[in-house]
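**Q** What follows is a single structure, and I will ask about it in a moment.
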Amino acid sequence: MTQPSPIPASAVPLLSLAAFGSGISMRAADPLLPLLSSEFGVPLGDASLVITVFSIAYGFAQLGFGPLGDRYGKYLVIALAALASCGTALLCAAATSLPLLLAVRLLAGASAAAIIPLSMAWIGDVIDYEHRQPVLARFLIGQILGVSAGVLVGGFAADAHQWRLPFLLVAAIFLLVGLGLLALNRRLPPHAKSVRPIAGSAVRHMLAEFRHIAALPWARLVLLTAFLEGGLLYGPFAFIASHLHHRHGISLALAGAVIMLFGFGGFAFAMGSKAMLARLGEGGLSRWGGVLLAVSLAAVGLAPLWWLAMPASFCAGLGFYMLHNTLQTNATQMAPERRGAAVSAFASCFFMGQAMGVGVAGLLLAHVGTAALLAGGALGLLAVALNFSRRVRMR
């Protein structure tokens with residue numbers, strides 16, 4: 001039997017670089033909230049809408065990008081989305097009012113929506129399941145470092161009163177990566193550019209795809225868990241920089257550096273994922289990851305000294321990626337014949353959860369404070385992780 005042609009060695013690293021840009025775009029606004037609040041003369045909760053609208057668009061747009069990737073080729077769609085994200089980032093940098101910034105952040109969320117879910121689905125197409133989780137973990141290094149760099153760059157930009165700079169950086173990254181992805185797409189072997197022709201109405205076909213996925217009990221559990229995980233973590237997470245700045249009096253740049261350790265915890269998981277999976281299995285990874293995440297998130301909110309948030313942030317990142325990577329791996333396999341749509345549905349649920357979480361946290365902020373938000377999110381995450389771990393073991 002003829003073996004398929006090998007995938008170019010740069011294929012996954014380029015996807016990881018695209019995820020890096022997506023990670024910066026997602027989280028750079030977190031430390032900017034106090035600056036945006038004063039710049040546009042609005043309360044902190046209103047300024048947080050720049051995160052909410054991005055997440056809403058990101059979540060909804062993924063429902064369409066999954067079938068598009070299946071139909072036209074996942075790698076090609078990712079490349080075009082990266083170039084579109086360059087344009088939307090430039091529009092964010094040019095915004096002159098909060099309503100205009102919210103409008104273009106909506107576009108930015110939609111344009112970036114293809115990158116991570118379609119990358120995961122493409123990896124699922126070309127990598128066997130038994131080898132997939134470590135490859136996904138290595139791919140996610142880009143997103144992990146992007147999230148870390150986003151809060152760090154956002155913090156420095158906030159202290160310098162230059163909120164537009166992170167968006168200009170994002171635009172440059174997406175331009176270079178998008179051009180690289182387009183060039184590499186032409187070199188991919190045929191099995192890595194597979195498409196699934198669709199007859200009839202694309203909208204009806206898309207709805208049929210999602211109905212099929214929603215009919216699968218295991219898929220429903222994975223999707224619900226992703227939604228709750230996104231809301232319970234990233235709702236409070238968006239206010240960590242503000243919490244450290246206001247409660248402990250540290251600069252926003254230093255607060256961003258503390259949060260950057262969250263990404264280093266994820267990086268530690270990516271490096272040790274193969275050994276951890278062999279030792280703990282999927283059930284153990286999700287259980288102990290959830291416990292570590294919950295304890296660490298609560299510690300960030302309740303610690304009496306700011307520097308205690310440093311090890312807590314690192315451990316929170318490690319715990320989160322232990323749990324989330326297990327969910328992602330299950331998402332790539334919950335409907336293999338509809339992998340693009342399935343992973344897009346998973347990512348959509350995760351980011352819609354984020355949007356709802358940030359929105360609810362913004363409403364509660366004035367009444368309960370940031371410390372209570374972080375502690376409440378920790379308790380919810382613990383319950384979600386333990387339930388998913390139990391179901392994994394039963395399955």
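By order of appearance in the structure tokens: chains A, B, ..., then residues from 1 within every chain, and ligands from 1 in the order shown.
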Kindly assemble as a tab-separated table a list of the stretch 290-317 of chain A residues that lie within 12 Å of stretch 254-257 of chain A, each paired with its nearest atom pair and their distance in Å to one decimal, using only C-alpha atoms, sorted first by chain and then by ascending residue number.
**A**
```
residue	atom	partner	partner_atom	distance
A:Val300	CA	A:Ala255	CA	11.4
A:Trp306	CA	A:Ala255	CA	9.1
A:Trp307	CA	A:Ala255	CA	10.0
A:Ala309	CA	A:Ala255	CA	9.4
A:Met310	CA	A:Ala257	CA	8.8
A:Ser313	CA	A:Ala257	CA	10.2
A:Phe314	CA	A:Ala257	CA	11.1
```
**Q** Could you take the residues named above and write them with all heavy atoms, as a PDB file, in the first residue's frame?
**A**
```pdb
ATOM      1  N   VAL A 300      -5.473  33.332  43.674  1.00  0.00           N
ATOM      2  CA  VAL A 300      -5.216  34.624  43.039  1.00  0.00           C
ATOM      3  C   VAL A 300      -6.154  35.690  43.612  1.00  0.00           C
ATOM      4  O   VAL A 300      -5.750  36.820  43.898  1.00  0.00           O
ATOM      5  CB  VAL A 300      -5.382  34.532  41.510  1.00  0.00           C
ATOM      6  CG1 VAL A 300      -5.333  35.928  40.870  1.00  0.00           C
ATOM      7  CG2 VAL A 300      -4.304  33.650  40.903  1.00  0.00           C
ATOM      8  N   TRP A 306       0.482  40.317  46.968  1.00  0.00           N
ATOM      9  CA  TRP A 306       0.363  40.224  45.517  1.00  0.00           C
ATOM     10  C   TRP A 306       1.255  39.153  44.923  1.00  0.00           C
ATOM     11  O   TRP A 306       0.878  38.490  43.948  1.00  0.00           O
ATOM     12  CB  TRP A 306       0.671  41.579  44.871  1.00  0.00           C
ATOM     13  CG  TRP A 306       2.131  41.940  44.850  1.00  0.00           C
ATOM     14  CD1 TRP A 306       2.805  42.687  45.756  1.00  0.00           C
ATOM     15  CD2 TRP A 306       3.091  41.544  43.859  1.00  0.00           C
ATOM     16  NE1 TRP A 306       4.128  42.790  45.417  1.00  0.00           N
ATOM     17  CE2 TRP A 306       4.339  42.111  44.246  1.00  0.00           C
ATOM     18  CE3 TRP A 306       3.036  40.776  42.697  1.00  0.00           C
ATOM     19  CZ2 TRP A 306       5.499  41.923  43.513  1.00  0.00           C
ATOM     20  CZ3 TRP A 306       4.196  40.590  41.961  1.00  0.00           C
ATOM     21  CH2 TRP A 306       5.415  41.161  42.358  1.00  0.00           C
ATOM     22  N   TRP A 307       2.457  38.953  45.493  1.00  0.00           N
ATOM     23  CA  TRP A 307       3.394  38.017  44.880  1.00  0.00           C
ATOM     24  C   TRP A 307       2.931  36.567  44.994  1.00  0.00           C
ATOM     25  O   TRP A 307       3.401  35.706  44.256  1.00  0.00           O
ATOM     26  CB  TRP A 307       4.794  38.189  45.471  1.00  0.00           C
ATOM     27  CG  TRP A 307       4.891  38.004  46.962  1.00  0.00           C
ATOM     28  CD1 TRP A 307       4.853  38.982  47.910  1.00  0.00           C
ATOM     29  CD2 TRP A 307       5.045  36.765  47.663  1.00  0.00           C
ATOM     30  NE1 TRP A 307       4.964  38.442  49.168  1.00  0.00           N
ATOM     31  CE2 TRP A 307       5.094  37.079  49.046  1.00  0.00           C
ATOM     32  CE3 TRP A 307       5.152  35.438  47.266  1.00  0.00           C
ATOM     33  CZ2 TRP A 307       5.230  36.102  50.020  1.00  0.00           C
ATOM     34  CZ3 TRP A 307       5.297  34.458  48.237  1.00  0.00           C
ATOM     35  CH2 TRP A 307       5.327  34.787  49.592  1.00  0.00           C
ATOM     36  N   ALA A 309       0.188  35.625  44.017  1.00  0.00           N
ATOM     37  CA  ALA A 309      -0.529  35.382  42.761  1.00  0.00           C
ATOM     38  C   ALA A 309       0.391  34.819  41.684  1.00  0.00           C
ATOM     39  O   ALA A 309      -0.094  34.258  40.691  1.00  0.00           O
ATOM     40  CB  ALA A 309      -1.176  36.674  42.264  1.00  0.00           C
ATOM     41  N   MET A 310       1.705  34.947  41.840  1.00  0.00           N
ATOM     42  CA  MET A 310       2.631  34.450  40.821  1.00  0.00           C
ATOM     43  C   MET A 310       2.622  32.925  40.734  1.00  0.00           C
ATOM     44  O   MET A 310       2.332  32.372  39.661  1.00  0.00           O
ATOM     45  CB  MET A 310       4.033  34.986  41.083  1.00  0.00           C
ATOM     46  CG  MET A 310       4.126  36.502  40.977  1.00  0.00           C
ATOM     47  SD  MET A 310       5.748  37.164  41.471  1.00  0.00           S
ATOM     48  CE  MET A 310       6.772  36.494  40.164  1.00  0.00           C
ATOM     49  N   SER A 313      -0.891  31.784  39.641  1.00  0.00           N
ATOM     50  CA  SER A 313      -1.186  31.966  38.227  1.00  0.00           C
ATOM     51  C   SER A 313      -0.547  30.861  37.389  1.00  0.00           C
ATOM     52  O   SER A 313      -1.172  30.320  36.462  1.00  0.00           O
ATOM     53  CB  SER A 313      -0.693  33.343  37.776  1.00  0.00           C
ATOM     54  OG  SER A 313      -1.049  33.598  36.440  1.00  0.00           O
ATOM     55  N   PHE A 314       0.695  30.512  37.710  1.00  0.00           N
ATOM     56  CA  PHE A 314       1.370  29.429  36.999  1.00  0.00           C
ATOM     57  C   PHE A 314       0.599  28.122  37.153  1.00  0.00           C
ATOM     58  O   PHE A 314       0.336  27.405  36.172  1.00  0.00           O
ATOM     59  CB  PHE A 314       2.794  29.265  37.534  1.00  0.00           C
ATOM     60  CG  PHE A 314       3.548  28.112  36.921  1.00  0.00           C
ATOM     61  CD1 PHE A 314       4.262  28.283  35.751  1.00  0.00           C
ATOM     62  CD2 PHE A 314       3.536  26.855  37.515  1.00  0.00           C
ATOM     63  CE1 PHE A 314       4.954  27.220  35.168  1.00  0.00           C
ATOM     64  CE2 PHE A 314       4.221  25.787  36.950  1.00  0.00           C
ATOM     65  CZ  PHE A 314       4.932  25.971  35.774  1.00  0.00           C
TER      66      PHE A 314
END
```
**Q** Determine, using only C-alpha atoms, which residues of stretch 263-376 of chain A have any atom at most 12 Å from an atom of stretch 22-27 of chain A, and tabulate each with its shortest atom pair and distance in Å to one decimal place, rows ordered by chain and then rising number, as a tab-separated table.
**A**
```
residue	atom	partner	partner_atom	distance
A:Gly263	CA	A:Gly23	CA	10.3
A:Phe351	CA	A:Met26	CA	10.4
A:Gln354	CA	A:Met26	CA	10.8
A:Ala355	CA	A:Met26	CA	11.4
```
**Q** I want to know what sits within 12 Å of A:Ala103, based on only C-alpha atoms, with residues of the same chain fewer than 5 positions away left out; could you give that as number ranges by chain?
**A** A: 49-54, 56-57, 88-89, 91-92, 94-98, 108-110
**Q** What is the distance, in Å and to one decimal place, between atom CA of A:Ala9 and atom CA of A:Phe269?
**A**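 Taking atom CA of A:Ala9 as the start and atom CA of A:Phe269 as the end point, the length is 22.2 Å.
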**Q** Any idea what's packed within 8 Å of A:Leu17, counting only C-alpha atoms, ignoring anything in its chain fewer than 5 positions away? Could you give it as a list in words?
**A**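 Non-adjacent residues within range: Gly142, Gln143 and Val177 of chain A.
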**Q** For each of A:Leu379, A:Ala84, A:Ala341, A:Ala137, take the minimum atom-to-atom distance to A:Ala171, counting only C-alpha atoms, then give the residue where this is smallest.
**A**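 Going through A:Leu379, A:Ala84, A:Ala341, A:Ala137 one by one, the smallest distance to A:Ala171 is for A:Ala84.
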**Q** DSSP on the backbone: which residues in stretch 89-263 of chain A end up as helix (DSSP H, G or I)? Give the answer as JSON, numbers by chain.
**A** {"A": [89, 90, 91, 92, 93, 94, 98, 99, 100, 101, 102, 103, 104, 105, 106, 107, 108, 109, 110, 111, 112, 115, 116, 117, 118, 119, 120, 121, 122, 123, 124, 125, 126, 129, 130, 131, 132, 133, 134, 135, 136, 137, 138, 139, 140, 141, 142, 143, 144, 145, 146, 147, 148, 149, 150, 151, 152, 153, 154, 155, 156, 157, 158, 159, 165, 166, 167, 168, 169, 170, 171, 172, 173, 174, 175, 176, 177, 178, 179, 180, 181, 182, 183, 184, 185, 190, 191, 192, 193, 202, 203, 204, 205, 206, 207, 208, 209, 210, 211, 212, 213, 214, 217, 218, 219, 220, 221, 222, 223, 224, 225, 226, 227, 228, 229, 230, 231, 232, 233, 234, 235, 236, 237, 240, 241, 242, 243, 244, 245, 246, 247, 248, 252, 253, 254, 255, 256, 257, 258, 259, 260, 261, 262, 263]}
**Q** Which is closer to A:Leu293 than all the others in A:Leu207, A:Leu386, A:Met356, A:Ala214, using only C-alpha atoms?
**A**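 Closest to A:Leu293, using only C-alpha atoms: A:Leu386.
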**Q** Which residue out of A:Pro8, A:Gly21, A:Gly231, A:Pro304 has the minimum interatomic distance to A:Ala172 when only C-alpha atoms are used?
**A**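 Going through A:Pro8, A:Gly21, A:Gly231, A:Pro304 one by one, the smallest distance to A:Ala172 is for A:Gly21.
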**Q** Report the distance between atom CA of A:Tyr129 and atom CA of A:Ala342 in Å, rounded to one decimal place.
**A**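 Answer for the atom CA of A:Tyr129 to atom CA of A:Ala342 separation: 15.4 Å.
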**Q** Determine the nearest neighbour of A:Phe156 from the options A:Gly377, A:Pro336, A:Pro31, A:Pro311, counting only C-alpha atoms.
**A**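 That would be A:Pro31, the residue with the smallest distance to A:Phe156.
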**Q** Tell me, as a list of chain:residue names, which residues lie within 12 Å of A:Ala215, counting only C-alpha atoms; anything in the same chain fewer than 6 positions away does not count.
**A**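 Here the answer would be A:Ala208, A:Glu209, A:Leu221, A:Leu223, A:Met334, A:Ala335, A:Ala342.
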**Q** Write to file, as a PDB file, in the first residue's frame, the residues of the selection just made, with N, CA, C and O atoms.
**A**
```
ATOM      1  N   ALA A 208     -27.855  20.749   9.318  1.00  0.00           N
ATOM      2  CA  ALA A 208     -27.930  19.291   9.442  1.00  0.00           C
ATOM      3  C   ALA A 208     -26.690  18.731  10.135  1.00  0.00           C
ATOM      4  O   ALA A 208     -26.787  17.796  10.951  1.00  0.00           O
ATOM      5  N   GLU A 209     -25.518  19.314   9.830  1.00  0.00           N
ATOM      6  CA  GLU A 209     -24.289  18.881  10.485  1.00  0.00           C
ATOM      7  C   GLU A 209     -24.396  19.064  12.001  1.00  0.00           C
ATOM      8  O   GLU A 209     -24.079  18.160  12.784  1.00  0.00           O
ATOM      9  N   LEU A 221     -22.278  16.382  26.136  1.00  0.00           N
ATOM     10  CA  LEU A 221     -21.549  16.565  27.391  1.00  0.00           C
ATOM     11  C   LEU A 221     -20.279  17.379  27.171  1.00  0.00           C
ATOM     12  O   LEU A 221     -19.978  18.306  27.944  1.00  0.00           O
ATOM     13  N   LEU A 223     -19.627  19.529  24.785  1.00  0.00           N
ATOM     14  CA  LEU A 223     -19.967  20.904  24.436  1.00  0.00           C
ATOM     15  C   LEU A 223     -20.433  21.696  25.657  1.00  0.00           C
ATOM     16  O   LEU A 223     -20.047  22.854  25.852  1.00  0.00           O
ATOM     17  N   MET A 334     -15.354  13.321  18.583  1.00  0.00           N
ATOM     18  CA  MET A 334     -16.754  13.054  18.948  1.00  0.00           C
ATOM     19  C   MET A 334     -17.636  12.875  17.704  1.00  0.00           C
ATOM     20  O   MET A 334     -18.726  12.307  17.798  1.00  0.00           O
ATOM     21  N   ALA A 335     -17.191  13.355  16.545  1.00  0.00           N
ATOM     22  CA  ALA A 335     -17.903  13.100  15.283  1.00  0.00           C
ATOM     23  C   ALA A 335     -16.870  13.141  14.164  1.00  0.00           C
ATOM     24  O   ALA A 335     -16.784  14.121  13.417  1.00  0.00           O
ATOM     25  N   ALA A 342     -17.658  19.641  14.077  1.00  0.00           N
ATOM     26  CA  ALA A 342     -17.665  19.247  15.485  1.00  0.00           C
ATOM     27  C   ALA A 342     -16.712  20.109  16.302  1.00  0.00           C
ATOM     28  O   ALA A 342     -17.071  20.599  17.390  1.00  0.00           O
TER      29      ALA A 342
END
```
**Q** So which one's closest to A:Ile213, A:Arg339, A:Arg105, A:Arg71, A:Arg390? Using only C-alpha atoms, please.
**A**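 Of all the options, A:Arg339 lies closest to A:Ile213.
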**Q** I'd like to know which of A:Ser273, A:Ser296, A:Ser286, A:Asn325 is closest to A:Arg393, using only C-alpha atoms.
**A**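 Of the candidates, the smallest distance to A:Arg393 is held by A:Ser286.
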**Q** To one decimal in Å, tell me the separation between atom CA of A:Ala226 and atom CA of A:Val151.
**A** 22.5 Å
